[in-house]
Amino acid sequence: MCFNICTYGGENAMMVGYLEKIGRSVLGFFESFGAVMMLIYETICQFKHPPNIKHIIVQMAHLGVDSLPIVTLTILFTGMVITLQTAHEFIKYGAQSTVGGIVAISMGRELAPVLTGVVAAGRVGAAITAEISTMKVTEQIDALKVMATNPVGYLVVPRLIACMIMLPLLVVFADVIGTFGGYLVAVFYSGINSVTYMQSINNFMVVHDVTGGVIKAVFFGAIIAIIGCYQGLNARNGAVGVGKATTGSVVSSIIIIFILNCFLSLILYR
Amino acid sequence: MIKLVNVHMEFKKEKILKNINLEVKKGEVLAVIGASGSGKSTLLRLMIGLLRPTSGEIWVAGNEISKLREDQLDKIRLRMGMVFQYSALFDSMSVGDNVAFGLREHTKLSQSEINIKVKEKLKLVDLEGYEQHLPNELSGGMKKRVSLARAIAFEPNIILYDEPSAGLDPIMTAKIDSLIVNMQKVLGVTSVVVTHHMESAFAIADRIAMIHEGKITQIGSVEDIKNSNNPVVQDFINGSKGMTKEVHR
């Protein structure tokens, strides 16, 4: 009897422990969600002051231009692999005249924006968080406040604008590079005529395939900047905190990009 | 100039400051002493609005700042400067850009006018010619002095110092102390210096306030503190000497 009671008591305690854990996670999620919303609101409020153009240009160069090599590598090889996989099957059914279009559309609609977003989250988001969190733990953010400078206006606004401008530009660039990667494999490996490949793009692709991806990129850029800044501004506990914030920023941004991409695709390509 | 009325401060239900009543008079140097974790730095952060009190009022230059919005607070902060414990220099900027930061953000001065002001402030802290250096190329004492030059660049009425001599050798400590006194003499600023370095406190302060376990145990002139009958104050003053003797034995 005692054994049963003890066992049930143990099970109850375990259950309470699990429920507490779930409760804490749910509360933590909503707390972070609320804090990110507050940061977005504060950032929007800061737009009443004219943003510092010089800061924005510096961030555009740092966050956008410096990302070109990694975006080029990622998208070029993705374009090549996509063509490698599709061309072989399509040629079997005599549908080689659709390969160029398929590659270009998949690049424009999904692959270029999502992969550029993921690469930027890893490179740009991490850089933003590492910089801001280091400033946080070394009291530089407090120094900004003491000098009557709003950290959101000074740090978040230029990064947000830079990301929202540069990510779409990177996506347009990625569209071209990815389609070119597909062209290389289609023409030099799969034996598809180059005119057929280009004609296929011309036949199947519409402007909205590119603009939809560019619209997605604007949102992804905003997500990367806001999450990166949020994690940075809330870092604590020295070097460990900087590492934790940076990892958190990259992981959260990538997850949100994938989820948001699904909804944006549903809205943009109904 | 600064007045704290019945100020309480709690972090996660832990009481850091309990019923603090304190007045800093115009043009004086007030040293706040106390052991680590006694709430000295929290007090300083409350005075410049980096923290908001759980309850009580904080008056700075006639304004109650504890309930002000950040943009309203910024107007008051322009009349204040702060030297941080670890200097808090912007490490991506040169020394010159650090000192010029406030001037660039809040004034319409031309670059040449800013350069003149930067030179002038760096000269005041004996760092003339260091404009192009990066903070990581400087020693701890030099960083503190750049931090002081940055704090005075906007010619504030109040300067707050958080442990200005922490981690410095005795010669550099004396140099920083003389700079603090100099700021009061040359610029006429009101200073609040948080320190646990008793010799510094005695050398620079007009008055000293002792914080112990979140409360002000005693406040008075240097002589009042030196001759205090309060055992907590005497323990703190003599503590370091006693410990040194113990170690040497």
# chains A, B, ... in the order shown; residues from 1 in each chain; ligands from 1

$ closest_atom_pairs --of "chain B" --to "chain A" --cutoff "12 Å" --atoms "only C-alpha atoms" --output "tab-separated table"
residue	atom	partner	partner_atom	distance
B:Leu44	CA	A:Val146	CA	11.6
B:Arg45	CA	A:Asp142	CA	9.5
B:Leu46	CA	A:Val146	CA	11.6
B:Met47	CA	A:Val146	CA	10.8
B:Ile48	CA	A:Val146	CA	7.1
B:Gly49	CA	A:Val146	CA	8.3
B:Leu50	CA	A:Asp142	CA	7.1
B:Leu51	CA	A:Asp142	CA	10.3
B:Arg69	CA	A:Asn150	CA	11.8
B:Glu70	CA	A:Asn150	CA	8.2
B:Asp71	CA	A:Ala148	CA	8.1
B:Gln72	CA	A:Ala148	CA	9.7
B:Leu73	CA	A:Ala148	CA	7.9
B:Asp74	CA	A:Ala148	CA	4.5
B:Lys75	CA	A:Ala148	CA	7.1
B:Ile76	CA	A:Ala148	CA	8.4
B:Arg77	CA	A:Ala148	CA	5.8
B:Leu78	CA	A:Ala148	CA	6.1
B:Arg79	CA	A:Met147	CA	9.3
B:Met80	CA	A:Val146	CA	7.7
B:Gly81	CA	A:Val146	CA	6.9
B:Met82	CA	A:Val146	CA	6.9
B:Val83	CA	A:Ala143	CA	8.7
B:Phe84	CA	A:Glu139	CA	7.8
B:Gln85	CA	A:Glu139	CA	9.1
B:Tyr86	CA	A:Thr138	CA	7.4
B:Ser87	CA	A:Glu139	CA	8.3
B:Ala88	CA	A:Gln140	CA	4.9
B:Leu89	CA	A:Gln140	CA	6.5
B:Phe90	CA	A:Gln140	CA	6.2
B:Asp91	CA	A:Met135	CA	8.5
B:Ser92	CA	A:Glu131	CA	9.6
B:Met93	CA	A:Gln140	CA	11.7
B:Asn98	CA	A:Ala143	CA	10.5
B:Val99	CA	A:Met147	CA	10.9
B:Ala100	CA	A:Met147	CA	11.1
B:Phe101	CA	A:Met147	CA	8.4
B:Gly102	CA	A:Met147	CA	6.1
B:Leu103	CA	A:Met147	CA	9.6
B:Arg104	CA	A:Thr149	CA	10.9
B:Glu105	CA	A:Thr149	CA	7.5
B:His106	CA	A:Ala148	CA	8.4
B:Ser147	CA	A:Ala143	CA	9.7
B:Leu148	CA	A:Ala143	CA	11.9
B:Arg150	CA	A:Met147	CA	9.3
B:Ala151	CA	A:Met147	CA	8.2
B:Ile152	CA	A:Met147	CA	10.7
B:Ala153	CA	A:Met147	CA	10.3
B:Phe154	CA	A:Met147	CA	9.0
B:Glu155	CA	A:Met147	CA	11.8
B:Pro156	CA	A:Met147	CA	10.6
B:Ile158	CA	A:Val146	CA	11.9
B:Ile159	CA	A:Val146	CA	10.8
B:Leu160	CA	A:Val146	CA	10.3
B:Asp162	CA	A:Glu139	CA	11.8

$ residues_around --residues "region 55-66 of chain B" --least-positions-apart "3" --cutoff "6 Å" --atoms "only C-alpha atoms" --output "PyMOL selection string"
chain B and resi 1-8+52

$ write_last_selection --atoms "C-alpha atoms" --output "short mmCIF file (atom, residue, chain, number, x, y, z; two decimals), in the first residue's frame"
data_model
loop_
_atom_site.label_atom_id
_atom_site.label_comp_id
_atom_site.auth_asym_id
_atom_site.auth_seq_id
_atom_site.Cartn_x
_atom_site.Cartn_y
_atom_site.Cartn_z
CA MET B 1 21.71 69.65 -7.44
CA ILE B 2 20.76 66.00 -6.87
CA LYS B 3 18.29 64.88 -4.24
CA LEU B 4 17.03 61.41 -3.43
CA VAL B 5 13.90 61.19 -1.30
CA ASN B 6 12.82 57.90 0.32
CA VAL B 7 14.30 55.86 -2.52
CA HIS B 8 13.80 52.10 -2.47
CA ARG B 52 14.15 53.48 -12.14
#

$ select_by_dssp --residues "region 58-125 of chain B" --states "helix (DSSP H, G or I)" --output "PDB file with N, CA and C atoms, in the first residue's frame"
ATOM      1  N   GLU B  70      11.935  58.523 -21.592  1.00  0.00           N
ATOM      2  CA  GLU B  70      13.351  58.523 -21.994  1.00  0.00           C
ATOM      3  C   GLU B  70      13.732  59.812 -22.726  1.00  0.00           C
ATOM      4  N   ASP B  71      12.855  60.312 -23.619  1.00  0.00           N
ATOM      5  CA  ASP B  71      13.217  61.516 -24.381  1.00  0.00           C
ATOM      6  C   ASP B  71      13.290  62.746 -23.475  1.00  0.00           C
ATOM      7  N   GLN B  72      12.449  62.757 -22.413  1.00  0.00           N
ATOM      8  CA  GLN B  72      12.521  63.867 -21.451  1.00  0.00           C
ATOM      9  C   GLN B  72      13.788  63.750 -20.609  1.00  0.00           C
ATOM     10  N   LEU B  73      14.109  62.508 -20.278  1.00  0.00           N
ATOM     11  CA  LEU B  73      15.302  62.232 -19.478  1.00  0.00           C
ATOM     12  C   LEU B  73      16.573  62.630 -20.237  1.00  0.00           C
ATOM     13  N   ASP B  74      16.541  62.426 -21.561  1.00  0.00           N
ATOM     14  CA  ASP B  74      17.706  62.739 -22.391  1.00  0.00           C
ATOM     15  C   ASP B  74      18.102  64.212 -22.274  1.00  0.00           C
ATOM     16  N   LYS B  75      17.087  65.081 -22.146  1.00  0.00           N
ATOM     17  CA  LYS B  75      17.381  66.519 -22.031  1.00  0.00           C
ATOM     18  C   LYS B  75      18.175  66.800 -20.754  1.00  0.00           C
ATOM     19  N   ILE B  76      17.859  66.073 -19.687  1.00  0.00           N
ATOM     20  CA  ILE B  76      18.588  66.237 -18.417  1.00  0.00           C
ATOM     21  C   ILE B  76      19.957  65.570 -18.500  1.00  0.00           C
ATOM     22  N   ARG B  77      20.002  64.423 -19.180  1.00  0.00           N
ATOM     23  CA  ARG B  77      21.287  63.710 -19.306  1.00  0.00           C
ATOM     24  C   ARG B  77      22.328  64.530 -20.065  1.00  0.00           C
ATOM     25  N   VAL B  95      39.774  57.111 -30.250  1.00  0.00           N
ATOM     26  CA  VAL B  95      39.664  57.956 -29.050  1.00  0.00           C
ATOM     27  C   VAL B  95      38.982  59.276 -29.399  1.00  0.00           C
ATOM     28  N   GLY B  96      39.412  59.874 -30.511  1.00  0.00           N
ATOM     29  CA  GLY B  96      38.840  61.155 -30.941  1.00  0.00           C
ATOM     30  C   GLY B  96      37.343  61.041 -31.200  1.00  0.00           C
ATOM     31  N   ASP B  97      36.942  59.970 -31.878  1.00  0.00           N
ATOM     32  CA  ASP B  97      35.515  59.777 -32.184  1.00  0.00           C
ATOM     33  C   ASP B  97      34.702  59.522 -30.919  1.00  0.00           C
ATOM     34  N   ASN B  98      35.318  58.821 -29.948  1.00  0.00           N
ATOM     35  CA  ASN B  98      34.646  58.601 -28.661  1.00  0.00           C
ATOM     36  C   ASN B  98      34.346  59.929 -27.983  1.00  0.00           C
ATOM     37  N   VAL B  99      35.363  60.796 -27.939  1.00  0.00           N
ATOM     38  CA  VAL B  99      35.193  62.089 -27.257  1.00  0.00           C
ATOM     39  C   VAL B  99      34.214  62.974 -28.040  1.00  0.00           C
ATOM     40  N   ALA B 100      34.267  62.841 -29.370  1.00  0.00           N
ATOM     41  CA  ALA B 100      33.410  63.702 -30.214  1.00  0.00           C
ATOM     42  C   ALA B 100      31.972  63.201 -30.297  1.00  0.00           C
ATOM     43  N   PHE B 101      31.705  61.990 -29.802  1.00  0.00           N
ATOM     44  CA  PHE B 101      30.409  61.340 -30.013  1.00  0.00           C
ATOM     45  C   PHE B 101      29.213  62.243 -29.672  1.00  0.00           C
ATOM     46  N   GLY B 102      29.193  62.732 -28.430  1.00  0.00           N
ATOM     47  CA  GLY B 102      28.064  63.552 -27.976  1.00  0.00           C
ATOM     48  C   GLY B 102      27.927  64.824 -28.803  1.00  0.00           C
ATOM     49  N   LEU B 103      29.063  65.409 -29.163  1.00  0.00           N
ATOM     50  CA  LEU B 103      29.043  66.664 -29.932  1.00  0.00           C
ATOM     51  C   LEU B 103      28.460  66.416 -31.327  1.00  0.00           C
ATOM     52  N   ARG B 104      28.817  65.278 -31.925  1.00  0.00           N
ATOM     53  CA  ARG B 104      28.299  64.953 -33.263  1.00  0.00           C
ATOM     54  C   ARG B 104      26.803  64.653 -33.214  1.00  0.00           C
ATOM     55  N   GLU B 105      26.385  63.984 -32.148  1.00  0.00           N
ATOM     56  CA  GLU B 105      24.978  63.557 -32.058  1.00  0.00           C
ATOM     57  C   GLU B 105      24.038  64.705 -31.705  1.00  0.00           C
ATOM     58  N   HIS B 106      24.538  65.642 -30.892  1.00  0.00           N
ATOM     59  CA  HIS B 106      23.604  66.627 -30.322  1.00  0.00           C
ATOM     60  C   HIS B 106      23.910  68.089 -30.637  1.00  0.00           C
ATOM     61  N   GLN B 111      33.052  70.050 -38.264  1.00  0.00           N
ATOM     62  CA  GLN B 111      34.078  69.069 -37.931  1.00  0.00           C
ATOM     63  C   GLN B 111      35.300  69.752 -37.313  1.00  0.00           C
ATOM     64  N   SER B 112      35.670  70.919 -37.845  1.00  0.00           N
ATOM     65  CA  SER B 112      36.874  71.587 -37.312  1.00  0.00           C
ATOM     66  C   SER B 112      36.626  72.080 -35.882  1.00  0.00           C
ATOM     67  N   GLU B 113      35.415  72.548 -35.618  1.00  0.00           N
ATOM     68  CA  GLU B 113      35.083  72.991 -34.243  1.00  0.00           C
ATOM     69  C   GLU B 113      35.098  71.793 -33.281  1.00  0.00           C
ATOM     70  N   ILE B 114      34.572  70.671 -33.770  1.00  0.00           N
ATOM     71  CA  ILE B 114      34.571  69.453 -32.939  1.00  0.00           C
ATOM     72  C   ILE B 114      36.010  69.022 -32.661  1.00  0.00           C
ATOM     73  N   ASN B 115      36.846  69.063 -33.698  1.00  0.00           N
ATOM     74  CA  ASN B 115      38.257  68.671 -33.518  1.00  0.00           C
ATOM     75  C   ASN B 115      38.937  69.524 -32.447  1.00  0.00           C
ATOM     76  N   ILE B 116      38.635  70.824 -32.459  1.00  0.00           N
ATOM     77  CA  ILE B 116      39.247  71.728 -31.464  1.00  0.00           C
ATOM     78  C   ILE B 116      38.799  71.324 -30.061  1.00  0.00           C
ATOM     79  N   LYS B 117      37.475  71.061 -29.927  1.00  0.00           N
ATOM     80  CA  LYS B 117      36.945  70.675 -28.606  1.00  0.00           C
ATOM     81  C   LYS B 117      37.542  69.358 -28.141  1.00  0.00           C
ATOM     82  N   VAL B 118      37.675  68.408 -29.054  1.00  0.00           N
ATOM     83  CA  VAL B 118      38.232  67.099 -28.696  1.00  0.00           C
ATOM     84  C   VAL B 118      39.670  67.271 -28.198  1.00  0.00           C
ATOM     85  N   LYS B 119      40.435  68.060 -28.922  1.00  0.00           N
ATOM     86  CA  LYS B 119      41.841  68.316 -28.546  1.00  0.00           C
ATOM     87  C   LYS B 119      41.911  68.928 -27.147  1.00  0.00           C
ATOM     88  N   GLU B 120      41.027  69.899 -26.929  1.00  0.00           N
ATOM     89  CA  GLU B 120      40.983  70.628 -25.661  1.00  0.00           C
ATOM     90  C   GLU B 120      40.676  69.666 -24.496  1.00  0.00           C
ATOM     91  N   LYS B 121      39.682  68.785 -24.704  1.00  0.00           N
ATOM     92  CA  LYS B 121      39.294  67.860 -23.627  1.00  0.00           C
ATOM     93  C   LYS B 121      40.377  66.813 -23.395  1.00  0.00           C
ATOM     94  N   LEU B 122      40.992  66.351 -24.474  1.00  0.00           N
ATOM     95  CA  LEU B 122      42.062  65.360 -24.299  1.00  0.00           C
ATOM     96  C   LEU B 122      43.268  65.983 -23.602  1.00  0.00           C
ATOM     97  N   LYS B 123      43.487  67.271 -23.837  1.00  0.00           N
ATOM     98  CA  LYS B 123      44.593  67.964 -23.164  1.00  0.00           C
ATOM     99  C   LYS B 123      44.318  68.038 -21.664  1.00  0.00           C
ATOM    100  N   LEU B 124      43.044  68.272 -21.321  1.00  0.00           N
ATOM    101  CA  LEU B 124      42.669  68.353 -19.902  1.00  0.00           C
ATOM    102  C   LEU B 124      42.977  67.053 -19.150  1.00  0.00           C
TER     103      LEU B 124
END

$ atom_distance --atom1 "CA of Ile171 (chain B)" --atom2 "CA of Asn136 (chain B)"
21.1 Å

$ residues_around --residues "Thr72 (chain A)" --least-positions-apart "2" --cutoff "9 Å" --atoms "only C-alpha atoms" --output "list in words"
Ser67, Leu68, Pro69, Ile70, Thr74, Ile75, Leu76, Phe77, Phe173, Ala174, Ile177 and Gly178 of chain A

$ write_last_selection --atoms "N, CA and C atoms" --output "PDB file, in the first residue's frame"
ATOM      1  N   SER A  67      28.186  40.208 -47.808  1.00  0.00           N
ATOM      2  CA  SER A  67      27.542  38.883 -47.861  1.00  0.00           C
ATOM      3  C   SER A  67      27.528  38.300 -49.266  1.00  0.00           C
ATOM      4  N   LEU A  68      27.930  39.108 -50.267  1.00  0.00           N
ATOM      5  CA  LEU A  68      27.856  38.646 -51.667  1.00  0.00           C
ATOM      6  C   LEU A  68      28.591  37.329 -51.918  1.00  0.00           C
ATOM      7  N   PRO A  69      29.839  37.175 -51.456  1.00  0.00           N
ATOM      8  CA  PRO A  69      30.549  35.921 -51.772  1.00  0.00           C
ATOM      9  C   PRO A  69      29.825  34.676 -51.270  1.00  0.00           C
ATOM     10  N   ILE A  70      29.357  34.705 -50.033  1.00  0.00           N
ATOM     11  CA  ILE A  70      28.715  33.504 -49.467  1.00  0.00           C
ATOM     12  C   ILE A  70      27.365  33.233 -50.130  1.00  0.00           C
ATOM     13  N   THR A  74      26.502  29.774 -52.243  1.00  0.00           N
ATOM     14  CA  THR A  74      25.346  28.957 -51.845  1.00  0.00           C
ATOM     15  C   THR A  74      24.365  28.811 -52.995  1.00  0.00           C
ATOM     16  N   ILE A  75      24.015  29.924 -53.615  1.00  0.00           N
ATOM     17  CA  ILE A  75      22.960  29.901 -54.629  1.00  0.00           C
ATOM     18  C   ILE A  75      23.456  29.282 -55.939  1.00  0.00           C
ATOM     19  N   LEU A  76      24.696  29.554 -56.292  1.00  0.00           N
ATOM     20  CA  LEU A  76      25.242  28.996 -57.534  1.00  0.00           C
ATOM     21  C   LEU A  76      25.161  27.464 -57.495  1.00  0.00           C
ATOM     22  N   PHE A  77      25.622  26.901 -56.398  1.00  0.00           N
ATOM     23  CA  PHE A  77      25.630  25.437 -56.306  1.00  0.00           C
ATOM     24  C   PHE A  77      24.224  24.869 -56.131  1.00  0.00           C
ATOM     25  N   PHE A 173      20.090  39.435 -56.991  1.00  0.00           N
ATOM     26  CA  PHE A 173      21.402  38.931 -57.408  1.00  0.00           C
ATOM     27  C   PHE A 173      21.411  37.394 -57.374  1.00  0.00           C
ATOM     28  N   ALA A 174      20.830  36.839 -56.308  1.00  0.00           N
ATOM     29  CA  ALA A 174      20.793  35.377 -56.159  1.00  0.00           C
ATOM     30  C   ALA A 174      19.952  34.729 -57.251  1.00  0.00           C
ATOM     31  N   ILE A 177      22.228  34.522 -60.244  1.00  0.00           N
ATOM     32  CA  ILE A 177      23.324  33.555 -60.030  1.00  0.00           C
ATOM     33  C   ILE A 177      22.783  32.116 -60.039  1.00  0.00           C
ATOM     34  N   GLY A 178      21.652  31.902 -59.367  1.00  0.00           N
ATOM     35  CA  GLY A 178      21.067  30.558 -59.290  1.00  0.00           C
ATOM     36  C   GLY A 178      20.652  30.054 -60.661  1.00  0.00           C
TER      37      GLY A 178
END

$ closest_residue --among "A:Ile91, A:Ala104, A:Val36, A:Ala61" --to "Ser252 (chain A)" --atoms "only C-alpha atoms"
A:Val36

$ select_by_dssp --residues "region 60-204 of chain B" --states "strand (DSSP E)" --output "list in words"
Val60, Asn63, Glu64, Met80, Gly81, Met82, Val83, Ile158, Ile159, Leu160, Tyr161, Asp162, Thr190, Ser191, Val192, Val193, Val194 and Thr195 of chain B

$ write_last_selection --atoms "C-alpha atoms" --output "PDB file, in the first residue's frame"
ATOM      1  CA  VAL B  60      18.211  66.327 -10.636  1.00  0.00           C
ATOM      2  CA  ASN B  63      13.476  67.858 -12.175  1.00  0.00           C
ATOM      3  CA  GLU B  64      11.937  64.717 -10.715  1.00  0.00           C
ATOM      4  CA  MET B  80      25.346  65.115 -16.978  1.00  0.00           C
ATOM      5  CA  GLY B  81      28.365  62.933 -17.685  1.00  0.00           C
ATOM      6  CA  MET B  82      29.352  59.537 -16.408  1.00  0.00           C
ATOM      7  CA  VAL B  83      32.666  57.709 -16.129  1.00  0.00           C
ATOM      8  CA  ILE B 158      27.212  66.969 -13.023  1.00  0.00           C
ATOM      9  CA  ILE B 159      29.725  64.118 -13.430  1.00  0.00           C
ATOM     10  CA  LEU B 160      29.150  60.678 -11.945  1.00  0.00           C
ATOM     11  CA  TYR B 161      32.149  58.415 -11.457  1.00  0.00           C
ATOM     12  CA  ASP B 162      31.685  54.673 -10.987  1.00  0.00           C
ATOM     13  CA  THR B 190      29.122  68.689  -9.143  1.00  0.00           C
ATOM     14  CA  SER B 191      30.617  65.232  -8.759  1.00  0.00           C
ATOM     15  CA  VAL B 192      29.430  61.981  -7.232  1.00  0.00           C
ATOM     16  CA  VAL B 193      32.215  59.432  -6.919  1.00  0.00           C
ATOM     17  CA  VAL B 194      31.452  55.830  -6.057  1.00  0.00           C
ATOM     18  CA  THR B 195      34.545  54.159  -4.660  1.00  0.00           C
TER      19      THR B 195
END

$ residues_around --residues "Asn202 (chain A)" --least-positions-apart "5" --cutoff "10 Å" --atoms "only C-alpha atoms" --output "ChimeraX atom specification"
/A:100-101,104,196-197

$ closest_residue --among "A:Ile267, A:Val214, A:Val207, A:Val195" --to "Leu111 (chain A)" --atoms "only C-alpha atoms"
A:Val214
